[in-house]
Amino acid sequence: MEGAQIENNNTNNNKVLIREYNEERDIEMVERLERNCEYSIGSSSKGMMNIPTIFMGDPLCRVAEMVGSGGELVGIVRGCIKCVGTGFEGRHVKMGCILGLRVSPKHRRSGIGLKLVKCVENWAIQNGAEYISMAVEENNVASTNLFVCKCNYVKLRGPLIILTQPIHHSRNKDRSSRKIKIHKLSIEQAISLYKNRLGKKEFFPMDIDAILNEKLSLGTWVSFFKDENWVGLHGKNKDDDNEHEFTSRSPSSWAMNWRPSGYLLVYGIHGEGERVGELMKSLWWFAYNLGRNNVEDCKLMITELGLHDPLTQHVPKGTSMSCTNDFWYLKKVNNGSTSINGDEKEKEDTWIRRQQPITNLFVDPRDF
């Protein structure tokens, strides 16, 4: 598929060329397409902001070009493949991901979206993907029909919830508690923390080290109560020269990325303990002020959690915050793993058919 050019006819009998994205040639037209699509995070007009596609080295990026009309771009899609956990005894699968699907409003319902999806699917299958996934906002009926009715995807347990907090640079949100300490981890510490606490959870990315080393990452912070004397992991107590692993009290932890397009993405949210609510609120306002004071032109702070994740009740929700439900859709391809026996395949299939809601989900920042 790489380097190939595929022509298709739309309903107006105009040729549509699906080709590889060329940044130098296409960047301005893609930005225009993004604006026309009015893709946004947030369910209300208050504080709404367009979220453009961010290209982070995805191995596949295709655009749909209308031939014979000045090279107009009418669609775009990205794709990647990664290994993620299933939540079953440490097993993981090779997952193809469809990202950033956009079709120009005036060219919708003409099959362009389906052709872009099929392009990513074929590429993922050829490269060994066992499953393909896509996230769709709850109110996006057209995309839901595309994936469920035309492409045979199955809705996963959910939904997830996207929380969007506008950042007001004229307002100080310093609500830190003197009894709580916030500490930045080294990348090595953060990798160990996430592997220890979330490594066996479903959808946990096996290449967590690549995520935390990504150039747009601001870092990983933990919060804990000073009276609990958390010593961290692979760290040293100031009164002890010996190396320590986790204590019985795990802190709240957040990792953060920023985007040149003006928003702070908070991901990898995890917390434990009876007083986790206080820790999460403290970290929330720490992240808010980090975006306000340290990220240029930061307008929004965004995070995504499982709707049934207990931590959702501890995120401060003011009148300016918007909430959007997000569903994940999944399809099995390539008959799953070829290196496991029939009983293990049955367990792998059960992963899709589970009825329990998703909690403690590590949302991959590369999916935004």
# chains A, B, ... in the order shown; residues from 1 in each chain; ligands from 1

call {"tool": "residues_around", "arguments": {"residues": "Lys215 (chain A)", "least_positions_apart": "4", "cutoff": "10 Å", "atoms": "only C-alpha atoms", "output": "VMD selection string"}}
result
chain A and resid 56 210 to 211 257 to 258

call {"tool": "residues_around", "arguments": {"residues": "Gly219 (chain A)", "least_positions_apart": "3", "cutoff": "9 Å", "atoms": "only C-alpha atoms", "output": "list of chain:residue names"}}
result
A:Lys184, A:Leu185, A:Ser186, A:Ile187, A:Ala190, A:Leu212, A:Asn213, A:Trp254, A:Ala255, A:Met256, A:Asn257

call {"tool": "write_last_selection", "arguments": {"atoms": "N, CA, C and O atoms", "output": "mmCIF file, in the first residue's frame"}}
result
data_model
loop_
_atom_site.group_PDB
_atom_site.id
_atom_site.type_symbol
_atom_site.label_atom_id
_atom_site.label_comp_id
_atom_site.auth_asym_id
_atom_site.auth_seq_id
_atom_site.Cartn_x
_atom_site.Cartn_y
_atom_site.Cartn_z
ATOM 1 N N LYS A 184 7.885 15.554 41.104
ATOM 2 C CA LYS A 184 8.083 15.114 39.724
ATOM 3 C C LYS A 184 9.010 13.908 39.699
ATOM 4 O O LYS A 184 10.077 13.905 40.304
ATOM 5 N N LEU A 185 8.576 12.863 38.971
ATOM 6 C CA LEU A 185 9.375 11.653 38.839
ATOM 7 C C LEU A 185 10.329 11.752 37.658
ATOM 8 O O LEU A 185 10.061 12.465 36.685
ATOM 9 N N SER A 186 11.405 11.012 37.731
ATOM 10 C CA SER A 186 12.247 10.830 36.554
ATOM 11 C C SER A 186 11.492 9.929 35.581
ATOM 12 O O SER A 186 10.528 9.245 35.959
ATOM 13 N N ILE A 187 11.908 9.920 34.330
ATOM 14 C CA ILE A 187 11.233 9.071 33.342
ATOM 15 C C ILE A 187 11.331 7.611 33.746
ATOM 16 O O ILE A 187 10.363 6.853 33.632
ATOM 17 N N ALA A 190 8.836 6.941 36.456
ATOM 18 C CA ALA A 190 7.471 6.952 35.927
ATOM 19 C C ALA A 190 7.163 5.650 35.190
ATOM 20 O O ALA A 190 6.069 5.086 35.335
ATOM 21 N N LEU A 212 6.453 8.173 27.433
ATOM 22 C CA LEU A 212 6.978 9.085 28.439
ATOM 23 C C LEU A 212 8.252 9.797 27.982
ATOM 24 O O LEU A 212 8.635 10.820 28.554
ATOM 25 N N ASN A 213 8.900 9.261 26.949
ATOM 26 C CA ASN A 213 10.085 9.911 26.395
ATOM 27 C C ASN A 213 9.750 10.835 25.228
ATOM 28 O O ASN A 213 10.652 11.462 24.667
ATOM 29 N N TRP A 254 -0.024 11.521 37.732
ATOM 30 C CA TRP A 254 -0.479 12.035 36.449
ATOM 31 C C TRP A 254 0.728 12.275 35.557
ATOM 32 O O TRP A 254 1.775 12.699 36.016
ATOM 33 N N ALA A 255 0.570 11.987 34.296
ATOM 34 C CA ALA A 255 1.558 12.400 33.308
ATOM 35 C C ALA A 255 0.904 13.446 32.414
ATOM 36 O O ALA A 255 -0.311 13.446 32.240
ATOM 37 N N MET A 256 1.704 14.335 31.863
ATOM 38 C CA MET A 256 1.124 15.425 31.083
ATOM 39 C C MET A 256 1.878 15.673 29.786
ATOM 40 O O MET A 256 3.108 15.615 29.755
ATOM 41 N N ASN A 257 1.140 15.905 28.737
ATOM 42 C CA ASN A 257 1.673 16.338 27.453
ATOM 43 C C ASN A 257 1.085 17.695 27.126
ATOM 44 O O ASN A 257 -0.018 18.029 27.570
#

call {"tool": "closest_residue", "arguments": {"among": "A:Thr319, A:Ser282, A:Asn196, A:Asn294", "to": "Gly262 (chain A)", "atoms": "only C-alpha atoms"}}
result
A:Asn294

call {"tool": "atom_distance", "arguments": {"atom1": "CA of Gly306 (chain A)", "atom2": "CA of Thr359 (chain A)"}}
result
5.3 Å

call {"tool": "closest_residue", "arguments": {"among": "A:Gln356, A:Thr303, A:Asn36, A:Asn140", "to": "Gly75 (chain A)", "atoms": "only C-alpha atoms"}}
result
A:Asn36

call {"tool": "closest_residue", "arguments": {"among": "A:Ile161, A:Val315, A:Lys200, A:Leu101", "to": "Phe147 (chain A)", "atoms": "only C-alpha atoms"}}
result
A:Leu101

call {"tool": "closest_residue", "arguments": {"among": "A:Asn152, A:Ser322, A:Ser253, A:Asn293", "to": "Asn360 (chain A)", "atoms": "only C-alpha atoms"}}
result
A:Ser253

call {"tool": "residues_around", "arguments": {"residues": "Phe327 (chain A)", "least_positions_apart": "4", "cutoff": "7 Å", "atoms": "only C-alpha atoms", "output": "list of chain:residue names"}}
result
A:Ala135, A:Val136, A:Glu137, A:Glu138, A:Lys155, A:Gly158, A:Pro159, A:Leu160

call {"tool": "atom_distance", "arguments": {"atom1": "CA of Ile302 (chain A)", "atom2": "CA of Ile132 (chain A)"}}
result
24.7 Å

call {"tool": "atom_distance", "arguments": {"atom1": "CA of Gly96 (chain A)", "atom2": "CA of Phe203 (chain A)"}}
result
12.0 Å

call {"tool": "select_by_dssp", "arguments": {"residues": "region 267-333 of chain A", "states": "alpha helix (DSSP H)", "output": "PyMOL selection string"}}
result
chain A and resi 276-294

call {"tool": "write_last_selection", "arguments": {"atoms": "C-alpha atoms", "output": "PDB file, in the first residue's frame"}}
result
ATOM      1  CA  VAL A 276      -7.291   9.858  47.110  1.00  0.00           C
ATOM      2  CA  GLY A 277      -9.885  12.581  46.490  1.00  0.00           C
ATOM      3  CA  GLU A 278      -7.757  15.232  48.193  1.00  0.00           C
ATOM      4  CA  LEU A 279      -4.692  14.114  46.252  1.00  0.00           C
ATOM      5  CA  MET A 280      -6.479  14.236  42.907  1.00  0.00           C
ATOM      6  CA  LYS A 281      -7.886  17.703  43.503  1.00  0.00           C
ATOM      7  CA  SER A 282      -4.451  18.958  44.466  1.00  0.00           C
ATOM      8  CA  LEU A 283      -2.935  17.518  41.287  1.00  0.00           C
ATOM      9  CA  TRP A 284      -5.755  18.900  39.168  1.00  0.00           C
ATOM     10  CA  TRP A 285      -5.037  22.493  40.203  1.00  0.00           C
ATOM     11  CA  PHE A 286      -1.297  21.853  39.930  1.00  0.00           C
ATOM     12  CA  ALA A 287      -1.836  20.811  36.299  1.00  0.00           C
ATOM     13  CA  TYR A 288      -4.098  23.813  35.710  1.00  0.00           C
ATOM     14  CA  ASN A 289      -1.415  26.221  36.908  1.00  0.00           C
ATOM     15  CA  LEU A 290       1.260  24.380  34.945  1.00  0.00           C
ATOM     16  CA  GLY A 291      -0.736  24.992  31.759  1.00  0.00           C
ATOM     17  CA  ARG A 292      -1.514  28.552  32.801  1.00  0.00           C
ATOM     18  CA  ASN A 293       2.040  29.568  33.643  1.00  0.00           C
ATOM     19  CA  ASN A 294       4.365  27.242  31.717  1.00  0.00           C
TER      20      ASN A 294
END

call {"tool": "closest_residue", "arguments": {"among": "A:Thr220, A:Glu28, A:His169, A:Ile18", "to": "Val67 (chain A)", "atoms": "only C-alpha atoms"}}
result
A:Ile18

call {"tool": "select_by_dssp", "arguments": {"residues": "region 68-310 of chain A", "states": "strand (DSSP E or B)", "output": "number ranges by chain"}}
result
A: 72-85, 92-103, 131-137, 154-155, 160-166, 180-185, 205, 217-225, 235, 244, 252-259, 263-270, 300-306

call {"tool": "closest_residue", "arguments": {"among": "A:Leu73, A:Val154, A:Val84, A:Leu330", "to": "Ser104 (chain A)", "atoms": "only C-alpha atoms"}}
result
A:Leu73

call {"tool": "residues_around", "arguments": {"residues": "Cys83 (chain A)", "least_positions_apart": "6", "cutoff": "6 Å", "atoms": "only C-alpha atoms", "output": "JSON, numbers by chain"}}
result
{"A": [93, 94, 95, 205, 206]}

call {"tool": "residues_around", "arguments": {"residues": "Cys119 (chain A)", "least_positions_apart": "3", "cutoff": "9 Å", "atoms": "only C-alpha atoms", "output": "ChimeraX atom specification"}}
result
/A:1,18,62,114-116,122-124

call {"tool": "decode", "arguments": {"residues": "region 303-332 of chain A", "atoms": "N, CA and C atoms", "output": "CSV table (one decimal), in the first residue's frame"}}
result
chain,number,residue,atom,x,y,z
A,303,THR,N,-8.6,15.8,29.8
A,303,THR,CA,-8.3,14.5,30.3
A,303,THR,C,-9.4,13.6,29.9
A,304,GLU,N,-9.2,12.3,29.9
A,304,GLU,CA,-10.2,11.3,29.6
A,304,GLU,C,-10.1,10.1,30.6
A,305,LEU,N,-11.3,9.7,31.1
A,305,LEU,CA,-11.4,8.7,32.1
A,305,LEU,C,-12.5,7.8,31.8
A,306,GLY,N,-12.5,6.5,32.3
A,306,GLY,CA,-13.7,5.7,32.2
A,306,GLY,C,-14.8,6.3,33.0
A,307,LEU,N,-16.0,6.3,32.4
A,307,LEU,CA,-17.1,7.0,33.1
A,307,LEU,C,-17.3,6.4,34.5
A,308,HIS,N,-17.0,5.1,34.6
A,308,HIS,CA,-17.2,4.4,35.9
A,308,HIS,C,-15.9,4.4,36.8
A,309,ASP,N,-14.9,5.1,36.4
A,309,ASP,CA,-13.7,5.1,37.2
A,309,ASP,C,-14.0,6.0,38.4
A,310,PRO,N,-13.7,5.5,39.6
A,310,PRO,CA,-14.0,6.2,40.8
A,310,PRO,C,-13.3,7.6,40.9
A,311,LEU,N,-12.3,7.8,40.1
A,311,LEU,CA,-11.6,9.0,40.2
A,311,LEU,C,-12.3,10.2,39.5
A,312,THR,N,-13.3,9.8,38.7
A,312,THR,CA,-14.1,10.9,38.0
A,312,THR,C,-14.8,11.8,39.0
A,313,GLN,N,-15.2,11.2,40.1
A,313,GLN,CA,-16.0,12.0,41.1
A,313,GLN,C,-15.1,13.0,41.9
A,314,HIS,N,-13.7,12.8,41.8
A,314,HIS,CA,-12.8,13.7,42.5
A,314,HIS,C,-12.2,14.8,41.6
A,315,VAL,N,-12.6,14.8,40.3
A,315,VAL,CA,-12.1,15.9,39.5
A,315,VAL,C,-13.0,17.1,39.7
A,316,PRO,N,-12.4,18.3,40.1
A,316,PRO,CA,-13.2,19.5,40.3
A,316,PRO,C,-14.0,19.9,39.1
A,317,LYS,N,-15.3,20.0,39.2
A,317,LYS,CA,-16.1,20.3,38.0
A,317,LYS,C,-16.8,21.6,38.2
A,318,GLY,N,-16.2,22.7,37.7
A,318,GLY,CA,-16.9,24.0,37.7
A,318,GLY,C,-17.8,24.2,36.6
A,319,THR,N,-18.4,25.4,36.6
A,319,THR,CA,-19.4,25.7,35.5
A,319,THR,C,-18.8,25.8,34.2
A,320,SER,N,-17.5,26.1,34.1
A,320,SER,CA,-16.9,26.2,32.8
A,320,SER,C,-16.4,24.9,32.2
A,321,MET,N,-16.4,23.8,33.0
A,321,MET,CA,-16.0,22.6,32.4
A,321,MET,C,-17.1,21.9,31.6
A,322,SER,N,-16.6,21.3,30.5
A,322,SER,CA,-17.6,20.5,29.6
A,322,SER,C,-17.2,19.1,29.7
A,323,CYS,N,-18.2,18.2,29.5
A,323,CYS,CA,-18.0,16.8,29.5
A,323,CYS,C,-18.6,16.1,28.3
A,324,THR,N,-17.9,15.2,27.6
A,324,THR,CA,-18.3,14.6,26.4
A,324,THR,C,-18.1,13.1,26.5
A,325,ASN,N,-19.1,12.3,26.3
A,325,ASN,CA,-19.0,10.8,26.3
A,325,ASN,C,-18.3,10.3,25.0
A,326,ASP,N,-17.4,9.4,25.2
A,326,ASP,CA,-16.6,8.9,24.1
A,326,ASP,C,-16.7,7.3,24.1
A,327,PHE,N,-17.1,6.7,23.0
A,327,PHE,CA,-17.2,5.3,22.9
A,327,PHE,C,-16.0,4.7,22.1
A,328,TRP,N,-15.5,3.6,22.5
A,328,TRP,CA,-14.5,2.9,21.7
A,328,TRP,C,-15.2,1.7,21.0
A,329,TYR,N,-14.8,1.6,19.7
A,329,TYR,CA,-15.3,0.5,18.9
A,329,TYR,C,-14.1,-0.4,18.5
A,330,LEU,N,-14.3,-1.7,18.4
A,330,LEU,CA,-13.3,-2.7,18.2
A,330,LEU,C,-13.7,-3.7,17.1
A,331,LYS,N,-12.8,-4.2,16.3
A,331,LYS,CA,-13.1,-5.3,15.4
A,331,LYS,C,-11.9,-6.2,15.4
A,332,LYS,N,-12.2,-7.5,15.4
A,332,LYS,CA,-11.1,-8.5,15.3
A,332,LYS,C,-10.8,-8.8,13.9
